[in-house]
file query39.pdb (PDB, C-alpha atoms)
ATOM      1  CA  MET E   1      11.405  95.094   9.860
ATOM      2  CA  LEU E   2      12.119  91.611   8.480
ATOM      3  CA  LYS E   3      15.742  91.961   9.587
ATOM      4  CA  LYS E   4      14.567  92.554  13.159
ATOM      5  CA  TYR E   5      12.495  89.368  13.005
ATOM      6  CA  PHE E   6      15.516  87.302  12.001
ATOM      7  CA  ILE E   7      17.629  88.853  14.775
ATOM      8  CA  ILE E   8      14.989  87.976  17.394
ATOM      9  CA  ILE E   9      14.701  84.391  16.135
ATOM     10  CA  ALA E  10      18.472  83.962  16.013
ATOM     11  CA  VAL E  11      18.953  85.203  19.578
ATOM     12  CA  LEU E  12      16.042  83.144  20.918
ATOM     13  CA  GLY E  13      17.153  80.038  19.045
ATOM     14  CA  LEU E  14      20.731  80.391  20.312
ATOM     15  CA  SER E  15      19.644  80.818  23.919
ATOM     16  CA  ILE E  16      17.267  77.844  23.726
ATOM     17  CA  ASN E  17      19.938  75.684  22.098
ATOM     18  CA  LEU E  18      22.469  76.542  24.811
ATOM     19  CA  LYS E  19      19.954  75.761  27.545
ATOM     20  CA  ALA E  20      18.999  72.455  25.926
ATOM     21  CA  GLN E  21      22.635  71.439  25.692
ATOM     22  CA  LEU E  22      23.307  72.095  29.380
ATOM     23  CA  PHE E  23      21.076  69.236  30.611
ATOM     24  CA  PRO E  24      20.709  66.665  27.823
ATOM     25  CA  VAL E  25      21.600  63.629  29.969
ATOM     26  CA  LEU E  26      20.554  64.635  33.466
ATOM     27  CA  GLY E  27      17.065  65.481  32.222
ATOM     28  CA  GLY E  28      16.635  62.022  30.736
ATOM     29  CA  GLN E  29      17.390  60.479  34.125
ATOM     30  CA  ARG E  30      14.173  62.031  35.434
ATOM     31  CA  ALA E  31      12.032  59.818  33.159
ATOM     32  CA  GLY E  32       9.359  57.833  34.947
ATOM     33  CA  ILE E  33       9.087  59.962  38.097
ATOM     34  CA  SER E  34       5.615  61.422  37.405
ATOM     35  CA  THR E  35       2.123  60.005  37.093
ATOM     36  CA  ALA E  36      -1.053  60.935  35.146
ATOM     37  CA  GLN E  37       0.829  60.755  31.858
ATOM     38  CA  PHE E  38      -2.366  61.206  29.847
ATOM     39  CA  LEU E  39      -2.200  64.919  30.698
ATOM     40  CA  LYS E  40       0.806  65.203  28.363
ATOM     41  CA  ILE E  41      -1.154  64.060  25.291
ATOM     42  CA  GLY E  42      -1.809  67.145  23.178
ATOM     43  CA  VAL E  43      -5.238  68.325  22.043
ATOM     44  CA  GLY E  44      -6.399  69.439  18.595
ATOM     45  CA  GLY E  45      -5.344  68.663  15.041
ATOM     46  CA  ARG E  46      -3.901  72.124  14.499
ATOM     47  CA  ALA E  47      -1.508  72.101  17.456
ATOM     48  CA  ALA E  48      -0.479  68.483  16.810
ATOM     49  CA  ALA E  49       0.378  69.215  13.170
ATOM     50  CA  LEU E  50       2.578  72.107  14.326
ATOM     51  CA  GLY E  51       4.590  69.694  16.445
ATOM     52  CA  GLU E  52       2.744  71.061  19.506
ATOM     53  CA  SER E  53       4.633  74.349  19.184
ATOM     54  CA  PHE E  54       1.439  76.199  19.974
ATOM     55  CA  ILE E  55       1.377  78.173  23.233
ATOM     56  CA  ALA E  56       2.388  81.425  21.483
ATOM     57  CA  ILE E  57      -0.323  80.900  18.816
ATOM     58  CA  ALA E  58      -3.215  79.516  20.938
ATOM     59  CA  ASP E  59      -5.947  81.606  19.292
ATOM     60  CA  ASP E  60      -8.803  79.094  19.237
ATOM     61  CA  ALA E  61     -10.684  76.853  21.678
ATOM     62  CA  SER E  62      -7.776  74.384  21.917
ATOM     63  CA  ALA E  63      -6.110  77.042  24.112
ATOM     64  CA  LEU E  64      -8.148  75.413  26.891
ATOM     65  CA  TYR E  65      -5.402  72.790  26.931
ATOM     66  CA  TRP E  66      -2.334  74.674  25.688
ATOM     67  CA  ASN E  67      -2.462  78.152  27.184
ATOM     68  CA  PRO E  68      -5.479  79.512  29.088
ATOM     69  CA  ALA E  69      -4.322  83.073  28.359
ATOM     70  CA  GLY E  70      -4.968  82.335  24.676
ATOM     71  CA  LEU E  71      -8.726  82.282  25.358
ATOM     72  CA  ALA E  72      -8.580  86.092  25.275
ATOM     73  CA  GLN E  73      -7.000  86.117  21.806
ATOM     74  CA  PHE E  74     -10.200  85.508  19.824
ATOM     75  CA  THR E  75     -13.679  86.995  20.025
ATOM     76  CA  LYS E  76     -16.138  84.249  19.007
ATOM     77  CA  ASN E  77     -17.625  81.745  21.408
ATOM     78  CA  GLN E  78     -16.361  78.310  20.365
ATOM     79  CA  VAL E  79     -16.906  74.622  20.951
ATOM     80  CA  ILE E  80     -14.161  72.072  20.196
ATOM     81  CA  PHE E  81     -14.365  68.304  19.707
ATOM     82  CA  SER E  82     -11.060  66.435  19.406
ATOM     83  CA  HIS E  83     -10.474  62.722  18.832
ATOM     84  CA  ASN E  84      -7.012  61.218  18.969
ATOM     85  CA  ILE E  85      -6.231  57.699  17.760
ATOM     86  CA  TRP E  86      -3.240  57.285  20.031
ATOM     87  CA  VAL E  87      -0.647  54.507  19.979
ATOM     88  CA  VAL E  88      -1.363  50.917  21.166
ATOM     89  CA  ASP E  89      -5.127  51.206  20.608
ATOM     90  CA  ILE E  90      -5.682  54.054  23.089
ATOM     91  CA  ASN E  91      -8.444  56.578  22.404
ATOM     92  CA  HIS E  92      -8.008  60.144  23.633
ATOM     93  CA  ASP E  93     -11.035  62.456  23.432
ATOM     94  CA  PHE E  94     -11.454  66.100  24.371
ATOM     95  CA  ILE E  95     -14.489  68.386  24.376
ATOM     96  CA  GLY E  96     -14.438  72.011  25.420
ATOM     97  CA  ALA E  97     -16.401  75.241  25.238
ATOM     98  CA  VAL E  98     -15.334  78.890  25.438
ATOM     99  CA  TYR E  99     -17.646  81.777  26.304
ATOM    100  CA  HIS E 100     -16.648  85.459  26.159
ATOM    101  CA  LEU E 101     -18.354  87.344  28.961
ATOM    102  CA  ASP E 102     -17.166  90.633  27.466
ATOM    103  CA  SER E 103     -14.185  91.926  25.487
ATOM    104  CA  ASP E 104     -11.792  91.350  28.417
ATOM    105  CA  ASN E 105     -13.105  88.332  30.356
ATOM    106  CA  THR E 106     -13.438  84.794  29.036
ATOM    107  CA  PHE E 107     -14.508  81.522  30.625
ATOM    108  CA  GLY E 108     -14.067  77.967  29.433
ATOM    109  CA  ALA E 109     -14.677  74.372  30.451
ATOM    110  CA  SER E 110     -13.412  71.067  29.109
ATOM    111  CA  LEU E 111     -13.520  67.320  29.567
ATOM    112  CA  THR E 112     -10.737  64.892  28.657
ATOM    113  CA  ALA E 113     -11.207  61.120  28.530
ATOM    114  CA  VAL E 114      -8.736  58.331  27.796
ATOM    115  CA  THR E 115     -10.213  54.898  27.171
ATOM    116  CA  MET E 116      -9.167  51.494  25.906
ATOM    117  CA  GLU E 117     -10.580  47.989  25.714
ATOM    118  CA  ASP E 118     -10.467  45.795  28.807
ATOM    119  CA  MET E 119      -7.361  43.623  29.059
ATOM    120  CA  PRO E 120      -7.012  40.026  30.316
ATOM    121  CA  VAL E 121      -5.610  39.420  33.783
ATOM    122  CA  THR E 122      -2.397  37.379  33.673
ATOM    123  CA  ASN E 123       0.029  36.107  36.311
ATOM    124  CA  GLU E 124       2.985  33.777  36.552
ATOM    125  CA  PHE E 125       0.683  30.755  36.742
ATOM    126  CA  ALA E 126      -1.646  31.869  33.912
ATOM    127  CA  PRO E 127       0.474  33.808  31.413
ATOM    128  CA  PHE E 128      -2.286  33.606  28.782
ATOM    129  CA  GLY E 129      -5.025  34.859  31.073
ATOM    130  CA  THR E 130      -6.997  33.832  34.124
ATOM    131  CA  GLY E 131     -10.360  34.394  32.450
ATOM    132  CA  GLU E 132     -10.783  37.729  34.217
ATOM    133  CA  TYR E 133     -10.422  41.189  32.683
ATOM    134  CA  PHE E 134      -9.461  44.601  34.033
ATOM    135  CA  GLY E 135     -10.004  48.106  32.736
ATOM    136  CA  PHE E 136      -8.031  51.344  32.589
ATOM    137  CA  SER E 137      -9.310  54.877  32.032
ATOM    138  CA  ASP E 138      -8.493  58.533  32.713
ATOM    139  CA  ILE E 139     -10.645  61.638  32.952
ATOM    140  CA  ALA E 140      -9.930  65.315  33.557
ATOM    141  CA  ILE E 141     -12.529  68.036  34.136
ATOM    142  CA  SER E 142     -11.295  71.621  33.811
ATOM    143  CA  ILE E 143     -12.567  75.163  34.312
ATOM    144  CA  SER E 144     -10.609  78.059  32.788
ATOM    145  CA  TYR E 145     -10.603  81.838  33.030
ATOM    146  CA  ALA E 146      -8.670  84.395  30.984
ATOM    147  CA  ARG E 147      -8.476  88.151  31.227
ATOM    148  CA  LYS E 148      -7.054  90.637  28.754
ATOM    149  CA  MET E 149      -5.139  92.957  31.078
ATOM    150  CA  THR E 150      -4.089  95.349  28.300
ATOM    151  CA  SER E 151      -4.270  95.348  24.520
ATOM    152  CA  GLN E 152      -0.942  93.487  24.536
ATOM    153  CA  PHE E 153      -0.938  91.315  27.670
ATOM    154  CA  SER E 154      -3.315  88.521  28.710
ATOM    155  CA  PHE E 155      -3.310  86.154  31.659
ATOM    156  CA  GLY E 156      -5.216  82.920  32.217
ATOM    157  CA  GLY E 157      -5.595  80.024  34.612
ATOM    158  CA  THR E 158      -7.193  76.580  34.714
ATOM    159  CA  VAL E 159      -8.242  74.388  37.610
ATOM    160  CA  LYS E 160      -8.598  70.710  36.770
ATOM    161  CA  TYR E 161      -9.792  67.632  38.579
ATOM    162  CA  ILE E 162      -8.255  64.369  37.374
ATOM    163  CA  GLU E 163      -9.114  60.762  38.060
ATOM    164  CA  GLU E 164      -7.198  57.702  36.911
ATOM    165  CA  THR E 165      -8.678  54.215  37.232
ATOM    166  CA  LEU E 166      -6.705  50.980  37.039
ATOM    167  CA  ASP E 167      -8.956  48.016  37.825
ATOM    168  CA  LYS E 168      -9.831  48.417  41.524
ATOM    169  CA  LEU E 169      -7.484  51.341  42.134
ATOM    170  CA  LYS E 170      -8.328  55.014  41.694
ATOM    171  CA  MET E 171      -6.091  58.049  41.856
ATOM    172  CA  ARG E 172      -7.574  61.538  42.223
ATOM    173  CA  GLY E 173      -6.101  64.994  42.341
ATOM    174  CA  VAL E 174      -6.472  68.701  41.608
ATOM    175  CA  MET E 175      -4.000  70.639  39.455
ATOM    176  CA  ILE E 176      -3.681  74.096  37.963
ATOM    177  CA  ASP E 177      -2.430  75.555  34.679
ATOM    178  CA  LEU E 178      -1.181  79.137  34.394
ATOM    179  CA  GLY E 179      -0.457  81.009  31.178
ATOM    180  CA  THR E 180       0.565  84.411  29.874
ATOM    181  CA  TYR E 181       0.367  85.848  26.366
ATOM    182  CA  TYR E 182       2.206  89.004  25.314
ATOM    183  CA  ARG E 183       2.128  90.831  21.988
ATOM    184  CA  THR E 184       5.432  92.666  21.743
ATOM    185  CA  GLY E 185       4.233  95.412  19.393
ATOM    186  CA  LEU E 186       6.939  94.502  16.875
ATOM    187  CA  GLY E 187       4.835  93.428  13.921
ATOM    188  CA  SER E 188       2.869  90.286  14.789
ATOM    189  CA  THR E 189       5.446  88.852  17.203
ATOM    190  CA  ARG E 190       4.116  87.381  20.427
ATOM    191  CA  PHE E 191       5.620  85.649  23.400
ATOM    192  CA  ALA E 192       3.995  83.172  25.794
ATOM    193  CA  VAL E 193       4.903  81.337  29.003
ATOM    194  CA  THR E 194       2.878  78.527  30.586
ATOM    195  CA  VAL E 195       3.071  76.139  33.526
ATOM    196  CA  SER E 196       0.831  73.080  33.166
ATOM    197  CA  ASN E 197      -0.258  70.366  35.597
ATOM    198  CA  PHE E 198       1.085  71.978  38.750
ATOM    199  CA  GLY E 199      -0.056  70.305  41.956
ATOM    200  CA  SER E 200       0.792  68.061  44.886
ATOM    201  CA  GLU E 201       1.917  64.445  44.665
ATOM    202  CA  LEU E 202      -0.694  61.790  43.887
ATOM    203  CA  SER E 203      -1.093  58.218  45.049
ATOM    204  CA  PRO E 204      -3.750  55.563  44.349
ATOM    205  CA  ASP E 205      -6.330  54.414  46.868
ATOM    206  CA  GLY E 206      -7.887  50.975  46.995
ATOM    207  CA  GLU E 207      -6.903  47.439  47.816
ATOM    208  CA  VAL E 208      -5.882  44.485  45.682
ATOM    209  CA  ILE E 209      -5.529  40.829  46.627
ATOM    210  CA  LEU E 210      -2.282  39.225  45.495
ATOM    211  CA  ILE E 211      -1.438  35.565  45.069
ATOM    212  CA  GLY E 212      -1.503  33.824  48.427
ATOM    213  CA  ASP E 213      -4.399  35.990  49.678
ATOM    214  CA  ARG E 214      -2.031  38.832  50.478
ATOM    215  CA  ASN E 215      -3.551  42.312  50.603
ATOM    216  CA  LYS E 216      -1.874  45.409  49.203
ATOM    217  CA  SER E 217      -3.284  48.844  50.078
ATOM    218  CA  ASP E 218      -0.215  51.024  50.641
ATOM    219  CA  TRP E 219       0.955  52.806  47.487
ATOM    220  CA  GLN E 220       3.795  55.100  46.571
ATOM    221  CA  SER E 221       3.009  58.712  45.625
ATOM    222  CA  PHE E 222       4.294  60.439  42.485
ATOM    223  CA  ALA E 223       4.485  64.011  41.231
ATOM    224  CA  PRO E 224       2.109  65.220  38.498
ATOM    225  CA  PRO E 225       3.630  65.741  35.006
ATOM    226  CA  THR E 226       4.377  69.464  35.405
ATOM    227  CA  ILE E 227       5.622  71.178  32.227
ATOM    228  CA  PHE E 228       7.105  74.653  31.881
ATOM    229  CA  ARG E 229       6.908  76.072  28.345
ATOM    230  CA  ILE E 230       8.237  79.194  26.626
ATOM    231  CA  GLY E 231       7.053  80.007  23.096
ATOM    232  CA  PHE E 232       7.547  82.642  20.400
ATOM    233  CA  ALA E 233       5.551  83.110  17.182
ATOM    234  CA  PHE E 234       5.186  85.571  14.322
ATOM    235  CA  GLU E 235       4.099  85.887  10.682
ATOM    236  CA  PRO E 236       7.091  86.392   8.354
ATOM    237  CA  PHE E 237       4.684  86.930   5.451
ATOM    238  CA  GLU E 238       1.036  88.001   5.384
ATOM    239  CA  ASN E 239      -1.352  89.647   2.939
ATOM    240  CA  GLU E 240      -5.067  89.389   2.140
ATOM    241  CA  GLU E 241      -4.689  86.017   0.396
ATOM    242  CA  HIS E 242      -1.728  84.280   2.027
ATOM    243  CA  ARG E 243      -0.346  83.993   5.546
ATOM    244  CA  VAL E 244       2.636  82.115   6.970
ATOM    245  CA  THR E 245       2.921  81.629  10.724
ATOM    246  CA  THR E 246       6.047  80.239  12.377
ATOM    247  CA  SER E 247       6.651  79.272  16.002
ATOM    248  CA  ILE E 248       9.405  77.969  18.237
ATOM    249  CA  GLN E 249       8.925  76.537  21.710
ATOM    250  CA  LEU E 250      11.083  75.308  24.577
ATOM    251  CA  ASN E 251       9.522  72.618  26.792
ATOM    252  CA  HIS E 252      10.896  71.817  30.250
ATOM    253  CA  PRO E 253       9.095  68.770  31.740
ATOM    254  CA  ASN E 254       9.758  67.688  35.309
ATOM    255  CA  ASP E 255      10.149  64.066  34.187
ATOM    256  CA  ASN E 256      12.407  64.252  31.134
ATOM    257  CA  SER E 257      14.942  66.284  29.193
ATOM    258  CA  GLU E 258      14.282  69.742  27.809
ATOM    259  CA  ASN E 259      13.242  69.749  24.171
ATOM    260  CA  ILE E 260      12.683  72.234  21.365
ATOM    261  CA  VAL E 261       9.807  72.234  18.882
ATOM    262  CA  LEU E 262       9.404  74.116  15.600
ATOM    263  CA  GLY E 263       6.142  74.641  13.743
ATOM    264  CA  ALA E 264       4.931  76.387  10.583
ATOM    265  CA  GLU E 265       1.490  77.020   9.107
ATOM    266  CA  TYR E 266       0.473  78.260   5.655
ATOM    267  CA  VAL E 267      -3.013  79.732   5.198
ATOM    268  CA  TRP E 268      -4.728  80.404   1.887
ATOM    269  CA  GLN E 269      -7.738  82.746   1.828
ATOM    270  CA  LYS E 270      -8.385  81.922   5.504
ATOM    271  CA  LEU E 271      -9.968  78.714   4.203
ATOM    272  CA  LEU E 272      -7.200  76.154   3.657
ATOM    273  CA  PHE E 273      -4.370  75.375   6.106
ATOM    274  CA  VAL E 274      -1.190  73.335   5.621
ATOM    275  CA  ARG E 275       1.006  72.686   8.653
ATOM    276  CA  GLY E 276       4.176  70.939   9.746
ATOM    277  CA  GLY E 277       6.320  70.574  12.839
ATOM    278  CA  TYR E 278       9.424  68.886  14.224
ATOM    279  CA  LYS E 279      10.525  67.932  17.749
ATOM    280  CA  PHE E 280      14.180  67.942  18.778
ATOM    281  CA  ASN E 281      15.548  65.864  21.689
ATOM    282  CA  VAL E 282      12.296  63.925  22.161
ATOM    283  CA  ASP E 283      12.459  60.143  22.409
ATOM    284  CA  GLU E 284      10.343  58.325  19.820
ATOM    285  CA  GLN E 285       8.544  61.373  18.396
ATOM    286  CA  ASN E 286       9.915  63.545  15.595
ATOM    287  CA  TYR E 287       7.948  65.031  12.694
ATOM    288  CA  SER E 288       4.272  65.837  12.248
ATOM    289  CA  PHE E 289       2.110  67.416   9.574
ATOM    290  CA  GLY E 290      -1.516  68.085   8.801
ATOM    291  CA  MET E 291      -4.195  70.134   7.094
ATOM    292  CA  GLY E 292      -7.215  72.185   8.035
ATOM    293  CA  LEU E 293     -10.348  73.528   6.399
ATOM    294  CA  HIS E 294     -12.352  76.553   7.578
ATOM    295  CA  VAL E 295     -15.869  76.921   6.181
ATOM    296  CA  PRO E 296     -18.366  79.575   7.332
ATOM    297  CA  ILE E 297     -21.851  78.041   7.375
ATOM    298  CA  SER E 298     -25.229  79.532   8.197
ATOM    299  CA  ILE E 299     -25.274  78.729  11.920
ATOM    300  CA  ALA E 300     -21.547  78.735  12.760
ATOM    301  CA  GLU E 301     -17.995  78.886  11.490
ATOM    302  CA  PHE E 302     -16.854  75.302  10.931
ATOM    303  CA  THR E 303     -13.169  74.293  11.160
ATOM    304  CA  LEU E 304     -11.914  70.755  10.566
ATOM    305  CA  ASP E 305      -8.289  69.900  11.379
ATOM    306  CA  TYR E 306      -6.262  66.718  10.909
ATOM    307  CA  ALA E 307      -2.754  65.857  12.108
ATOM    308  CA  TYR E 308      -0.382  62.938  11.638
ATOM    309  CA  ALA E 309       2.372  62.481  14.231
ATOM    310  CA  ASN E 310       5.169  60.000  13.627
ATOM    311  CA  PHE E 311       6.609  57.706  16.283
ATOM    312  CA  GLN E 312       9.860  55.967  15.422
ATOM    313  CA  LYS E 313       8.994  52.589  16.999
ATOM    314  CA  LEU E 314       5.388  52.809  18.172
ATOM    315  CA  GLY E 315       3.926  53.686  14.788
ATOM    316  CA  SER E 316       1.898  56.866  14.460
ATOM    317  CA  SER E 317      -1.062  58.780  15.824
ATOM    318  CA  HIS E 318      -3.923  60.532  14.048
ATOM    319  CA  ARG E 319      -5.800  63.492  15.499
ATOM    320  CA  PHE E 320      -9.070  64.933  14.231
ATOM    321  CA  SER E 321     -10.710  68.022  15.661
ATOM    322  CA  ILE E 322     -13.743  70.159  14.902
ATOM    323  CA  ILE E 323     -14.199  73.729  16.098
ATOM    324  CA  LEU E 324     -17.535  75.513  15.847
ATOM    325  CA  GLY E 325     -17.473  79.293  16.213
ATOM    326  CA  LEU E 326     -20.773  80.807  17.304
TER
END

call {"tool": "encode", "arguments": {"input": "query39.pdb", "output": "structure tokens"}}
result
Amino acid sequence: MLKKYFIIIAVLGLSINLKAQLFPVLGGQRAGISTAQFLKIGVGGRAAALGESFIAIADDASALYWNPAGLAQFTKNQVIFSHNIWVVDINHDFIGAVYHLDSDNTFGASLTAVTMEDMPVTNEFAPFGTGEYFGFSDIAISISYARKMTSQFSFGGTVKYIEETLDKLKMRGVMIDLGTYYRTGLGSTRFAVTVSNFGSELSPDGEVILIGDRNKSDWQSFAPPTIFRIGFAFEPFENEEHRVTTSIQLNHPNDNSENIVLGAEYVWQKLLFVRGGYKFNVDEQNYSFGMGLHVPISIAEFTLDYAYANFQKLGSSHRFSIILGL
């Protein structure tokens, strides 16, 4: 059985590597062609510690972001709170709830908010500030549904409304996420495919007054940051006390090169979690790691996760998340 696992991983890894090598330069030339970049910031300490190689695991409330089909992979109703201390003093917060209508149908809802302190207005005549300030913020409101079609196959979808505010300008749009989750029947192996942030092009609305009392109200439109992901995960070792989960994921963004992510998680007594991940062919980002603690309490199951993600030039980010299982 273990030999079959290694064969599957070897074949999948080879195919992903060949695909990644076909478009290493052309993909990079797509950088900067999409908007609403906050939608690409991952949610949850667990997924972040795994290098965001998570769509084929996605068995908790953070599946609201990663793979809506994953909402059918657990049975408890859950609430998740995630706080991300992102680079350059940006705060990224996520709150979501999952409710299981029955054993096959699951609903969820979430709210994402990106905030930062107001910044001074500068121009060529006042490079140190005009005395005025402007703000920037993002929000996304999502509703998700997942259905377990069979004991092995699940499907899910999310509809999200997004709004981005830059001073007097606002950009609004509606996007969808689609996800599938398939248990192969070969041990614990599972396979997942997702498409995130699919929608029409977006452009700001509003008017600004430039130097010389010139008005600007016509703005260029950009595509949303659509991402196609394929993931594979399994447990190479598992008993009553210990469990090791490994995952590999291919990401194909519409605005950058393809990249590959590896992740691994060790679990002791279903209480303590140690995780690590690595991203290949991703500018700036590379390794990540983190820990988690699961504690059943009287009113709920309490899970606390932390992740550190390294950026080569921008520093690092820290994610904290809490999941309550009811």

call {"tool": "resolve_selection", "arguments": {"input": "query39.pdb", "expression": "the PyMOL selection byres ((chain E and resi 148-158) around 9)", "output": "ChimeraX atom specification"}}
result
/E:64-65,67-73,103-106,108-109,142-147,159-160,175-185,190,196

call {"tool": "resolve_selection", "arguments": {"input": "query39.pdb", "expression": "the PyMOL selection byres ((chain E and resi 243-254) around 8)", "output": "VMD selection string"}}
result
chain E and resid 16 30 34 53 to 57 225 to 242 255 to 268

call {"tool": "write_last_selection", "arguments": {"input": "query39.pdb", "atoms": "C-alpha atoms", "output": "compact mmCIF listing (two decimals), in the frame of the given file"}}
result
# COMPACT_ATOMS: atom_id res chain seq x y z
CA ILE E 16 17.27 77.84 23.73
CA ARG E 30 14.17 62.03 35.43
CA SER E 34 5.62 61.42 37.40
CA SER E 53 4.63 74.35 19.18
CA PHE E 54 1.44 76.20 19.97
CA ILE E 55 1.38 78.17 23.23
CA ALA E 56 2.39 81.42 21.48
CA ILE E 57 -0.32 80.90 18.82
CA PRO E 225 3.63 65.74 35.01
CA THR E 226 4.38 69.46 35.40
CA ILE E 227 5.62 71.18 32.23
CA PHE E 228 7.10 74.65 31.88
CA ARG E 229 6.91 76.07 28.34
CA ILE E 230 8.24 79.19 26.63
CA GLY E 231 7.05 80.01 23.10
CA PHE E 232 7.55 82.64 20.40
CA ALA E 233 5.55 83.11 17.18
CA PHE E 234 5.19 85.57 14.32
CA GLU E 235 4.10 85.89 10.68
CA PRO E 236 7.09 86.39 8.35
CA PHE E 237 4.68 86.93 5.45
CA GLU E 238 1.04 88.00 5.38
CA ASN E 239 -1.35 89.65 2.94
CA GLU E 240 -5.07 89.39 2.14
CA GLU E 241 -4.69 86.02 0.40
CA HIS E 242 -1.73 84.28 2.03
CA ASP E 255 10.15 64.07 34.19
CA ASN E 256 12.41 64.25 31.13
CA SER E 257 14.94 66.28 29.19
CA GLU E 258 14.28 69.74 27.81
CA ASN E 259 13.24 69.75 24.17
CA ILE E 260 12.68 72.23 21.36
CA VAL E 261 9.81 72.23 18.88
CA LEU E 262 9.40 74.12 15.60
CA GLY E 263 6.14 74.64 13.74
CA ALA E 264 4.93 76.39 10.58
CA GLU E 265 1.49 77.02 9.11
CA TYR E 266 0.47 78.26 5.66
CA VAL E 267 -3.01 79.73 5.20
CA TRP E 268 -4.73 80.40 1.89

call {"tool": "closest_residue", "arguments": {"input": "query39.pdb", "among": "E:Lys270, E:Arg214, E:Lys76, E:His100", "to": "Leu324 (chain E)", "atoms": "all atoms listed in the file"}}
result
E:Lys76

call {"tool": "residues_around", "arguments": {"input": "query39.pdb", "residues": "Glu163 (chain E)", "least_positions_apart": "2", "cutoff": "9 Å", "atoms": "all atoms listed in the file", "output": "list of chain:residue names"}}
result
E:Ala36, E:Ser137, E:Asp138, E:Ile139, E:Ala140, E:Ile141, E:Tyr161, E:Thr165, E:Lys170, E:Met171, E:Arg172, E:Gly173

call {"tool": "closest_residue", "arguments": {"input": "query39.pdb", "among": "E:Leu166, E:Val87, E:Ala58, E:Met116", "to": "Lys313 (chain E)", "atoms": "all atoms listed in the file"}}
result
E:Val87

call {"tool": "residues_around", "arguments": {"input": "query39.pdb", "residues": "Arg46 (chain E)", "least_positions_apart": "2", "cutoff": "7 Å", "atoms": "only C-alpha atoms", "output": "ChimeraX atom specification"}}
result
/E:44,48-50,305-307

call {"tool": "atom_distance", "arguments": {"input": "query39.pdb", "atom1": "CA of Ile95 (chain E)", "atom2": "CA of Met119 (chain E)"}}
result
26.2 Å

call {"tool": "resolve_selection", "arguments": {"input": "query39.pdb", "expression": "the PyMOL selection byres ((chain E and resi 83) around 8)", "output": "list of chain:residue names"}}
result
E:Gly44, E:Phe81, E:Ser82, E:Asn84, E:Ile85, E:Asn91, E:His92, E:Asp93, E:Phe94, E:Arg319, E:Phe320, E:Ser321

call {"tool": "residues_around", "arguments": {"input": "query39.pdb", "residues": "region 208-213 of chain E", "least_positions_apart": "3", "cutoff": "12 Å", "atoms": "only C-alpha atoms", "output": "number ranges by chain"}}
result
E: 122-126, 166-170, 204-205, 216-219

call {"tool": "closest_residue", "arguments": {"input": "query39.pdb", "among": "E:Leu326, E:Ala192, E:Leu39, E:Val282", "to": "Val79 (chain E)", "atoms": "all atoms listed in the file"}}
result
E:Leu326

call {"tool": "atom_distance", "arguments": {"input": "query39.pdb", "atom1": "CA of Val193 (chain E)", "atom2": "CA of Val174 (chain E)"}}
result
21.2 Å

call {"tool": "atom_distance", "arguments": {"input": "query39.pdb", "atom1": "CA of Asp59 (chain E)", "atom2": "CA of Tyr308 (chain E)"}}
result
20.9 Å

call {"tool": "residues_around", "arguments": {"input": "query39.pdb", "residues": "Val121 (chain E)", "least_positions_apart": "6", "cutoff": "8 Å", "atoms": "all atoms listed in the file", "output": "PyMOL selection string"}}
result
chain E and resi 129-134

call {"tool": "axis_aligned_box", "arguments": {"input": "query39.pdb", "around": "region 180-196 of chain E", "padding_each_side": "3 Å", "output": "AutoDock Vina command-line options"}}
result
--center_x 3.7 --center_y 84.2 --center_z 23.7 --size_x 12.6 --size_y 28.3 --size_z 25.6

call {"tool": "closest_residue", "arguments": {"input": "query39.pdb", "among": "E:Asp60, E:Glu201, E:Glu52, E:Glu117", "to": "Tyr99 (chain E)", "atoms": "only C-alpha atoms"}}
result
E:Asp60

call {"tool": "residues_around", "arguments": {"input": "query39.pdb", "residues": "Asp89 (chain E)", "least_positions_apart": "6", "cutoff": "12 Å", "atoms": "only C-alpha atoms", "output": "list in words"}}
result
Val114, Thr115, Met116, Glu117, Asp118, Met119, Leu314, Gly315, Ser316, Ser317 and His318 of chain E

call {"tool": "write_last_selection", "arguments": {"input": "query39.pdb", "atoms": "C-alpha atoms", "output": "compact mmCIF listing (two decimals), keeping the file's coordinate frame"}}
result
# COMPACT_ATOMS: atom_id res chain seq x y z
CA VAL E 114 -8.74 58.33 27.80
CA THR E 115 -10.21 54.90 27.17
CA MET E 116 -9.17 51.49 25.91
CA GLU E 117 -10.58 47.99 25.71
CA ASP E 118 -10.47 45.80 28.81
CA MET E 119 -7.36 43.62 29.06
CA LEU E 314 5.39 52.81 18.17
CA GLY E 315 3.93 53.69 14.79
CA SER E 316 1.90 56.87 14.46
CA SER E 317 -1.06 58.78 15.82
CA HIS E 318 -3.92 60.53 14.05

call {"tool": "closest_residue", "arguments": {"input": "query39.pdb", "among": "E:Leu186, E:Glu164, E:Ile322, E:Ser288", "to": "Leu304 (chain E)", "atoms": "all atoms listed in the file"}}
result
E:Ile322
